[in-house]
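Okay, coords33.cif now, which holds mmCIF, C-alpha atoms, pLDDT in the B column; chains and numbers go by the auth columns:
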```cif
data_target
loop_
_atom_site.group_PDB
_atom_site.id
_atom_site.type_symbol
_atom_site.label_atom_id
_atom_site.label_comp_id
_atom_site.label_asym_id
_atom_site.label_seq_id
_atom_site.Cartn_x
_atom_site.Cartn_y
_atom_site.Cartn_z
_atom_site.B_iso_or_equiv
_atom_site.auth_seq_id
_atom_site.auth_asym_id
ATOM 1 C CA MET A 1 83.530 92.372 93.407 89.00 1096 W
ATOM 2 C CA SER A 2 86.773 92.072 91.468 96.00 1097 W
ATOM 3 C CA HIS A 3 87.445 89.234 89.040 97.00 1098 W
ATOM 4 C CA LYS A 4 90.035 87.811 91.423 97.00 1099 W
ATOM 5 C CA ASP A 5 87.587 87.786 94.337 97.00 1100 W
ATOM 6 C CA PHE A 6 84.938 86.231 92.090 97.00 1101 W
ATOM 7 C CA ILE A 7 87.329 83.399 91.207 98.00 1102 W
ATOM 8 C CA ALA A 8 88.378 82.881 94.828 97.00 1103 W
ATOM 9 C CA ARG A 9 84.774 82.725 95.981 97.00 1104 W
ATOM 10 C CA ARG A 10 83.956 80.070 93.379 97.00 1105 W
ATOM 11 C CA ALA A 11 87.017 78.050 94.384 97.00 1106 W
ATOM 12 C CA ALA A 12 85.895 78.116 98.006 98.00 1107 W
ATOM 13 C CA GLN A 13 82.625 76.489 96.926 96.00 1108 W
ATOM 14 C CA ALA A 14 84.585 73.478 95.650 97.00 1109 W
ATOM 15 C CA LEU A 15 85.834 72.600 99.146 98.00 1110 W
ATOM 16 C CA ASN A 16 84.303 69.983 101.430 97.00 1111 W
ATOM 17 C CA ASP A 17 83.907 69.845 105.181 97.00 1112 W
ATOM 18 C CA GLY A 18 87.079 68.612 106.850 97.00 1113 W
ATOM 19 C CA ASP A 19 89.411 69.290 103.922 98.00 1114 W
ATOM 20 C CA ILE A 20 93.036 70.182 104.573 98.00 1115 W
ATOM 21 C CA VAL A 21 93.708 72.864 101.962 98.00 1116 W
ATOM 22 C CA ASN A 22 96.900 74.541 100.786 97.00 1117 W
ATOM 23 C CA LEU A 23 96.477 78.002 99.290 95.00 1118 W
ATOM 24 C CA GLY A 24 99.078 79.098 96.760 92.00 1119 W
ATOM 25 C CA ILE A 25 100.322 82.619 96.108 89.00 1120 W
ATOM 26 C CA GLY A 26 98.053 85.175 94.443 91.00 1121 W
ATOM 27 C CA ILE A 27 94.338 84.558 93.895 95.00 1122 W
ATOM 28 C CA PRO A 28 94.339 81.399 96.091 96.00 1123 W
ATOM 29 C CA THR A 29 95.135 83.430 99.212 94.00 1124 W
ATOM 30 C CA LEU A 30 91.762 85.187 98.809 96.00 1125 W
ATOM 31 C CA VAL A 31 89.919 81.880 99.257 97.00 1126 W
ATOM 32 C CA ALA A 32 90.360 82.185 103.033 96.00 1127 W
ATOM 33 C CA ASP A 33 87.922 85.113 102.998 96.00 1128 W
ATOM 34 C CA TYR A 34 85.144 83.260 101.133 97.00 1129 W
ATOM 35 C CA LEU A 35 84.767 79.917 102.871 96.00 1130 W
ATOM 36 C CA PRO A 36 81.094 78.872 102.818 94.00 1131 W
ATOM 37 C CA ASP A 37 79.078 78.782 106.009 93.00 1132 W
ATOM 38 C CA GLY A 38 78.514 75.349 107.453 92.00 1133 W
ATOM 39 C CA ILE A 39 81.838 73.771 106.530 94.00 1134 W
ATOM 40 C CA THR A 40 85.150 73.670 108.363 95.00 1135 W
ATOM 41 C CA VAL A 41 88.389 73.427 106.424 97.00 1136 W
ATOM 42 C CA PHE A 42 91.959 73.567 107.693 98.00 1137 W
ATOM 43 C CA LEU A 43 94.161 75.928 105.702 98.00 1138 W
ATOM 44 C CA HIS A 44 97.794 74.888 105.343 97.00 1139 W
ATOM 45 C CA SER A 45 100.754 77.087 104.429 95.00 1140 W
ATOM 46 C CA GLU A 46 104.006 75.393 103.437 92.00 1141 W
ATOM 47 C CA ASN A 47 106.104 77.754 105.547 93.00 1142 W
ATOM 48 C CA GLY A 48 104.683 75.958 108.591 95.00 1143 W
ATOM 49 C CA ILE A 49 101.094 76.762 109.584 96.00 1144 W
ATOM 50 C CA LEU A 50 97.983 74.599 109.802 97.00 1145 W
ATOM 51 C CA GLY A 51 94.919 76.640 110.701 97.00 1146 W
ATOM 52 C CA VAL A 52 95.301 79.842 108.668 97.00 1147 W
ATOM 53 C CA GLY A 53 92.356 82.212 109.076 96.00 1148 W
ATOM 54 C CA PRO A 54 90.879 85.083 107.042 95.00 1149 W
ATOM 55 C CA SER A 55 92.957 88.043 105.893 94.00 1150 W
ATOM 56 C CA PRO A 56 93.781 90.341 108.828 96.00 1151 W
ATOM 57 C CA THR A 57 92.386 93.810 109.254 95.00 1152 W
ATOM 58 C CA PRO A 58 95.057 96.520 109.668 94.00 1153 W
ATOM 59 C CA ASP A 59 94.880 96.306 113.469 95.00 1154 W
ATOM 60 C CA GLN A 60 95.223 92.490 113.365 95.00 1155 W
ATOM 61 C CA VAL A 61 98.483 92.400 111.390 96.00 1156 W
ATOM 62 C CA ASP A 62 101.262 90.552 113.216 95.00 1157 W
ATOM 63 C CA LYS A 63 104.641 90.734 111.436 92.00 1158 W
ATOM 64 C CA ASN A 64 105.468 87.283 112.796 92.00 1159 W
ATOM 65 C CA LEU A 65 102.413 85.692 111.138 95.00 1160 W
ATOM 66 C CA VAL A 66 102.835 85.385 107.361 95.00 1161 W
ATOM 67 C CA ASN A 67 102.039 82.809 104.694 92.00 1162 W
ATOM 68 C CA ALA A 68 104.448 81.320 102.155 88.00 1163 W
ATOM 69 C CA GLY A 69 104.072 84.434 100.019 86.00 1164 W
ATOM 70 C CA LYS A 70 105.097 86.626 102.969 90.00 1165 W
ATOM 71 C CA LEU A 71 101.609 88.136 103.244 93.00 1166 W
ATOM 72 C CA PRO A 72 100.174 88.699 106.737 96.00 1167 W
ATOM 73 C CA VAL A 73 97.616 86.149 107.912 96.00 1168 W
ATOM 74 C CA THR A 74 95.506 85.366 110.929 97.00 1169 W
ATOM 75 C CA VAL A 75 95.276 81.972 112.595 97.00 1170 W
ATOM 76 C CA GLU A 76 92.291 80.091 113.933 96.00 1171 W
ATOM 77 C CA VAL A 77 91.914 78.746 117.468 95.00 1172 W
ATOM 78 C CA GLY A 78 93.748 75.410 117.626 94.00 1173 W
ATOM 79 C CA SER A 79 96.182 76.235 114.822 96.00 1174 W
ATOM 80 C CA SER A 80 99.636 74.674 114.878 97.00 1175 W
ATOM 81 C CA PHE A 81 103.114 75.772 113.806 97.00 1176 W
ATOM 82 C CA PHE A 82 106.007 73.621 112.591 97.00 1177 W
ATOM 83 C CA ASP A 83 109.189 73.794 110.547 96.00 1178 W
ATOM 84 C CA SER A 84 109.316 73.738 106.754 92.00 1179 W
ATOM 85 C CA ALA A 85 110.610 70.153 106.645 95.00 1180 W
ATOM 86 C CA SER A 86 107.565 68.934 108.580 97.00 1181 W
ATOM 87 C CA SER A 87 105.285 70.984 106.358 96.00 1182 W
ATOM 88 C CA PHE A 88 106.681 69.401 103.193 96.00 1183 W
ATOM 89 C CA ALA A 89 106.487 65.969 104.810 97.00 1184 W
ATOM 90 C CA MET A 90 102.731 66.557 105.143 96.00 1185 W
ATOM 91 C CA ILE A 91 102.520 67.482 101.458 96.00 1186 W
ATOM 92 C CA ARG A 92 104.705 64.649 100.161 96.00 1187 W
ATOM 93 C CA GLY A 93 102.993 62.185 102.455 96.00 1188 W
ATOM 94 C CA GLY A 94 99.609 62.799 100.840 96.00 1189 W
ATOM 95 C CA HIS A 95 98.030 64.585 103.803 97.00 1190 W
ATOM 96 C CA VAL A 96 96.830 67.643 101.850 98.00 1191 W
ATOM 97 C CA ASP A 97 93.350 67.061 100.438 98.00 1192 W
ATOM 98 C CA VAL A 98 93.207 70.068 98.112 98.00 1193 W
ATOM 99 C CA SER A 99 95.752 72.535 96.749 98.00 1194 W
ATOM 100 C CA ILE A 100 94.551 75.739 95.109 98.00 1195 W
ATOM 101 C CA LEU A 101 97.242 77.157 92.846 97.00 1196 W
ATOM 102 C CA GLY A 102 97.768 80.183 90.657 94.00 1197 W
ATOM 103 C CA VAL A 103 99.405 79.634 87.257 95.00 1198 W
ATOM 104 C CA LEU A 104 101.099 81.386 84.379 94.00 1199 W
ATOM 105 C CA GLN A 105 99.527 78.908 81.946 96.00 1200 W
ATOM 106 C CA VAL A 106 97.614 75.650 81.922 98.00 1201 W
ATOM 107 C CA ASP A 107 97.516 73.446 78.832 98.00 1202 W
ATOM 108 C CA GLU A 108 94.678 71.449 77.316 96.00 1203 W
ATOM 109 C CA LYS A 109 95.907 68.311 79.093 97.00 1204 W
ATOM 110 C CA GLY A 110 95.630 70.063 82.471 97.00 1205 W
ATOM 111 C CA ARG A 111 99.367 70.488 83.070 98.00 1206 W
ATOM 112 C CA VAL A 112 100.555 73.803 84.517 96.00 1207 W
ATOM 113 C CA ALA A 113 103.456 76.215 84.373 95.00 1208 W
ATOM 114 C CA ASN A 114 103.640 78.523 87.354 91.00 1209 W
ATOM 115 C CA TRP A 115 107.196 79.046 88.537 87.00 1210 W
ATOM 116 C CA ALA A 116 109.468 80.524 85.853 83.00 1211 W
ATOM 117 C CA VAL A 117 109.394 82.999 82.983 80.00 1212 W
ATOM 118 C CA PRO A 118 112.285 82.582 80.525 75.00 1213 W
ATOM 119 C CA GLY A 119 114.655 85.559 80.634 74.00 1214 W
ATOM 120 C CA LYS A 120 113.648 86.629 84.123 77.00 1215 W
ATOM 121 C CA SER A 121 115.385 85.803 87.401 71.00 1216 W
ATOM 122 C CA VAL A 122 114.263 82.521 88.947 66.00 1217 W
ATOM 123 C CA LEU A 123 114.259 81.848 92.679 66.00 1218 W
ATOM 124 C CA GLY A 124 113.206 78.216 92.297 68.00 1219 W
ATOM 125 C CA VAL A 125 110.094 76.126 91.930 71.00 1220 W
ATOM 126 C CA GLY A 126 109.127 76.581 95.575 75.00 1221 W
ATOM 127 C CA GLY A 127 106.406 74.243 96.813 86.00 1222 W
ATOM 128 C CA ALA A 128 104.365 74.104 93.609 91.00 1223 W
ATOM 129 C CA MET A 129 105.899 70.879 92.320 93.00 1224 W
ATOM 130 C CA ASP A 130 105.430 69.127 95.672 95.00 1225 W
ATOM 131 C CA LEU A 131 101.836 70.339 95.961 96.00 1226 W
ATOM 132 C CA LEU A 132 100.983 69.080 92.483 96.00 1227 W
ATOM 133 C CA GLU A 133 102.534 65.689 93.122 96.00 1228 W
ATOM 134 C CA GLY A 134 101.366 65.234 96.709 96.00 1229 W
ATOM 135 C CA SER A 135 97.853 66.712 96.880 97.00 1230 W
ATOM 136 C CA LYS A 136 94.779 64.550 96.383 98.00 1231 W
ATOM 137 C CA LYS A 137 93.029 67.267 94.354 98.00 1232 W
ATOM 138 C CA VAL A 138 94.402 70.372 92.621 98.00 1233 W
ATOM 139 C CA ILE A 139 92.359 73.422 91.645 98.00 1234 W
ATOM 140 C CA VAL A 140 93.756 76.162 89.402 98.00 1235 W
ATOM 141 C CA THR A 141 92.561 79.729 89.917 98.00 1236 W
ATOM 142 C CA THR A 142 93.590 82.220 87.238 97.00 1237 W
ATOM 143 C CA LEU A 143 92.409 85.131 85.170 98.00 1238 W
ATOM 144 C CA HIS A 144 91.348 83.768 81.785 98.00 1239 W
ATOM 145 C CA THR A 145 93.711 85.963 79.779 97.00 1240 W
ATOM 146 C CA THR A 146 96.905 87.975 80.226 95.00 1241 W
ATOM 147 C CA LYS A 147 96.973 91.777 80.370 94.00 1242 W
ATOM 148 C CA GLU A 148 97.621 91.646 76.630 95.00 1243 W
ATOM 149 C CA GLY A 149 94.466 89.586 76.086 96.00 1244 W
ATOM 150 C CA GLU A 150 96.244 86.321 75.325 97.00 1245 W
ATOM 151 C CA SER A 151 94.691 83.091 76.576 98.00 1246 W
ATOM 152 C CA LYS A 152 96.285 81.536 79.664 98.00 1247 W
ATOM 153 C CA ILE A 153 94.575 78.235 78.818 98.00 1248 W
ATOM 154 C CA VAL A 154 96.759 77.078 75.949 98.00 1249 W
ATOM 155 C CA LYS A 155 97.318 74.144 73.633 98.00 1250 W
ATOM 156 C CA GLU A 156 100.953 73.791 74.696 97.00 1251 W
ATOM 157 C CA LEU A 157 102.859 75.440 77.548 96.00 1252 W
ATOM 158 C CA GLN A 158 105.294 78.185 76.575 94.00 1253 W
ATOM 159 C CA TYR A 159 106.775 78.353 80.082 92.00 1254 W
ATOM 160 C CA PRO A 160 108.704 75.650 82.000 92.00 1255 W
ATOM 161 C CA ILE A 161 106.329 72.930 83.163 94.00 1256 W
ATOM 162 C CA THR A 162 105.865 72.504 86.910 95.00 1257 W
ATOM 163 C CA SER A 163 104.766 68.853 86.955 94.00 1258 W
ATOM 164 C CA GLU A 164 103.371 66.191 84.638 95.00 1259 W
ATOM 165 C CA ARG A 165 100.505 65.742 87.090 96.00 1260 W
ATOM 166 C CA LYS A 166 97.239 67.073 85.662 97.00 1261 W
ATOM 167 C CA VAL A 167 95.093 69.385 87.749 98.00 1262 W
ATOM 168 C CA ASP A 168 91.451 68.543 88.453 98.00 1263 W
ATOM 169 C CA LEU A 169 89.604 71.849 88.077 98.00 1264 W
ATOM 170 C CA ILE A 170 90.320 75.205 86.388 98.00 1265 W
ATOM 171 C CA ILE A 171 88.421 78.276 87.567 98.00 1266 W
ATOM 172 C CA THR A 172 88.564 81.651 85.810 98.00 1267 W
ATOM 173 C CA GLU A 173 86.349 84.733 85.813 97.00 1268 W
ATOM 174 C CA LEU A 174 84.667 83.364 82.675 97.00 1269 W
ATOM 175 C CA ALA A 175 84.306 79.642 83.229 96.00 1270 W
ATOM 176 C CA VAL A 176 84.989 76.425 85.105 97.00 1271 W
ATOM 177 C CA PHE A 177 86.639 73.463 83.376 97.00 1272 W
ATOM 178 C CA GLU A 178 86.990 69.909 84.610 97.00 1273 W
ATOM 179 C CA VAL A 179 90.128 68.044 83.580 98.00 1274 W
ATOM 180 C CA GLY A 180 89.774 64.391 82.576 95.00 1275 W
ATOM 181 C CA GLU A 181 91.548 61.786 80.505 92.00 1276 W
ATOM 182 C CA GLY A 182 90.104 63.345 77.361 91.00 1277 W
ATOM 183 C CA GLY A 183 91.238 66.873 78.225 96.00 1278 W
ATOM 184 C CA LEU A 184 89.187 69.892 79.294 98.00 1279 W
ATOM 185 C CA THR A 185 85.413 69.980 79.671 97.00 1280 W
ATOM 186 C CA LEU A 186 83.524 73.229 80.176 97.00 1281 W
ATOM 187 C CA ILE A 187 81.096 72.662 83.040 96.00 1282 W
ATOM 188 C CA GLU A 188 80.118 76.231 84.057 96.00 1283 W
ATOM 189 C CA THR A 189 80.006 79.680 82.549 95.00 1284 W
ATOM 190 C CA ALA A 190 79.923 82.910 84.507 95.00 1285 W
ATOM 191 C CA PRO A 191 76.663 84.877 84.449 93.00 1286 W
ATOM 192 C CA GLY A 192 76.177 86.613 81.117 92.00 1287 W
ATOM 193 C CA ILE A 193 79.094 84.781 79.468 94.00 1288 W
ATOM 194 C CA SER A 194 78.334 82.655 76.391 94.00 1289 W
ATOM 195 C CA VAL A 195 80.125 79.514 75.268 95.00 1290 W
ATOM 196 C CA ASN A 196 81.118 81.363 72.094 96.00 1291 W
ATOM 197 C CA HIS A 197 82.776 84.087 74.179 96.00 1292 W
ATOM 198 C CA ILE A 198 84.761 81.467 76.091 97.00 1293 W
ATOM 199 C CA GLN A 199 85.796 79.738 72.864 96.00 1294 W
ATOM 200 C CA LYS A 200 86.984 83.069 71.453 97.00 1295 W
ATOM 201 C CA HIS A 201 89.229 83.700 74.465 97.00 1296 W
ATOM 202 C CA THR A 202 90.522 80.143 74.973 98.00 1297 W
ATOM 203 C CA GLU A 203 93.387 78.827 72.853 98.00 1298 W
ATOM 204 C CA ALA A 204 93.101 75.263 74.152 98.00 1299 W
ATOM 205 C CA ASN A 205 90.571 72.829 72.767 97.00 1300 W
ATOM 206 C CA PHE A 206 87.774 71.841 75.121 97.00 1301 W
ATOM 207 C CA LYS A 207 84.495 69.950 75.151 96.00 1302 W
ATOM 208 C CA VAL A 208 81.225 71.374 76.431 96.00 1303 W
ATOM 209 C CA SER A 209 79.464 69.304 79.075 95.00 1304 W
ATOM 210 C CA GLU A 210 76.118 67.857 78.055 91.00 1305 W
ATOM 211 C CA ASN A 211 74.886 69.003 81.464 90.00 1306 W
ATOM 212 C CA LEU A 212 75.828 72.638 80.878 89.00 1307 W
ATOM 213 C CA ASN A 213 72.719 74.659 81.669 53.00 1308 W
ATOM 214 C CA LEU A 214 72.898 78.434 81.780 58.00 1309 W
ATOM 215 C CA ASP A 215 70.211 78.816 84.434 44.00 1310 W
ATOM 216 C CA SER A 216 71.800 76.345 86.822 40.00 1311 W
ATOM 217 C CA VAL A 217 75.262 77.645 85.915 42.00 1312 W
ATOM 218 C CA GLN A 218 74.321 81.149 86.925 45.00 1313 W
ATOM 219 C CA ASN A 219 73.020 79.835 90.228 43.00 1314 W
ATOM 220 C CA GLY A 220 76.215 77.878 90.724 42.00 1315 W
ATOM 221 C CA MET A 221 78.566 80.752 90.030 42.00 1316 W
ATOM 222 C CA VAL A 222 78.765 83.519 92.583 36.00 1317 W
ATOM 223 C CA LYS A 223 76.843 86.641 91.732 33.00 1318 W
ATOM 224 C CA ASP A 224 76.393 89.691 93.955 31.00 1319 W
#
```
Structure rendered as structure tokens:
Amino acid sequence: MSHKDFIARRAAQALNDGDIVNLGIGIPTLVADYLPDGITVFLHSENGILGVGPSPTPDQVDKNLVNAGKLPVTVEVGSSFFDSASSFAMIRGGHVDVSILGVLQVDEKGRVANWAVPGKSVLGVGGAMDLLEGSKKVIVTTLHTTKEGESKIVKELQYPITSERKVDLIITELAVFEVGEGGLTLIETAPGISVNHIQKHTEANFKVSENLNLDSVQNGMVKD
């Protein structure tokens, strides 16, 4: 299992039965393939779908069915379609329970940057700002470091901020952090990953939960 799939599978475990969930571009789209048995969630895409299903097999691809990132999707029985204005009305009206977003960086206060890199062409913030402001809960899914090995969990954002709203949970291939008034708290480590290893690869300051237990953590994180 790849690191990205590992992260997506852990994010899926954070969902509750009946949640309306928006999946952002990148790692979040993989969450649709790892929903736990026994719960029903309704996946929302801001281009106008409620009821997104798992990733299609090659023979299931329909060029008219895509998510906001223009990737092919399937739809569940009972799904609905609507225009973009209605979709954003759902988001801004507080009807999305959980948004799962990818990021360029997240700071030690839980604020994210995920829409622009200085010096590169910018198409716009897209739906990220609305999802951060309008969703009841926000989960970040990201690789812990860049390709160059630099931490993506930083003290201060180096990229344009998306919203002042703090996210609730950060999930990487190494760890899970909760975000609270006091900043970041490490609540889980991936199997075989020590707290020291996470500290070495995390620029941001964080606390370690008193309830952190490696045995229960390894059971909580997904392991093939």
Given the file shown, determine the residues that the PyMOL selection byres ((chain W and resi 1251-1268) around 6) selects; report them as a PyMOL selection string.
chain W and resi 1098+1102+1202+1205-1208+1224+1233-1239+1249-1250+1269-1274
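Within 12 Å of Ala1180 of chain W, once all atoms listed in the file are used and residues closer than 2 positions along the same chain are dropped, the contacting residues are Glu1141, Asn1142, Gly1143, Ile1144, Phe1176, Phe1177, Asp1178, Ser1182, Phe1183, Ala1184, Met1185, Ile1186, Arg1187, Gly1188 and Gly1222 of chain W.
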Picked residues, the PyMOL selection byres ((chain W and resi 1109-1125) around 8), expected as a count of residues only
35
Might you spell out which residues the PyMOL selection byres ((chain W and resi 1279) around 8) would select in the displayed file, as a count of residues only?
14
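Put simply, atom CA of Asp1154 of chain W is 11.5 Å away from atom CA of Pro1167 of chain W.
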Box dimensions and centre (Å, one decimal) enclosing segment 1145-1163 of chain W, axis-aligned, 5 Å extra per side, as AutoDock Vina command-line options:
```
--center_x 98.2 --center_y 85.6 --center_z 107.8 --size_x 24.6 --size_y 31.9 --size_z 21.3
```
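With atom CA of Phe1101 of chain W on one side and atom CA of Gly1173 of chain W on the other, the separation reads 29.1 Å.
One finds atom CA of Glu1283 of chain W at 6.4 Å from atom CA of Leu1307 of chain W.
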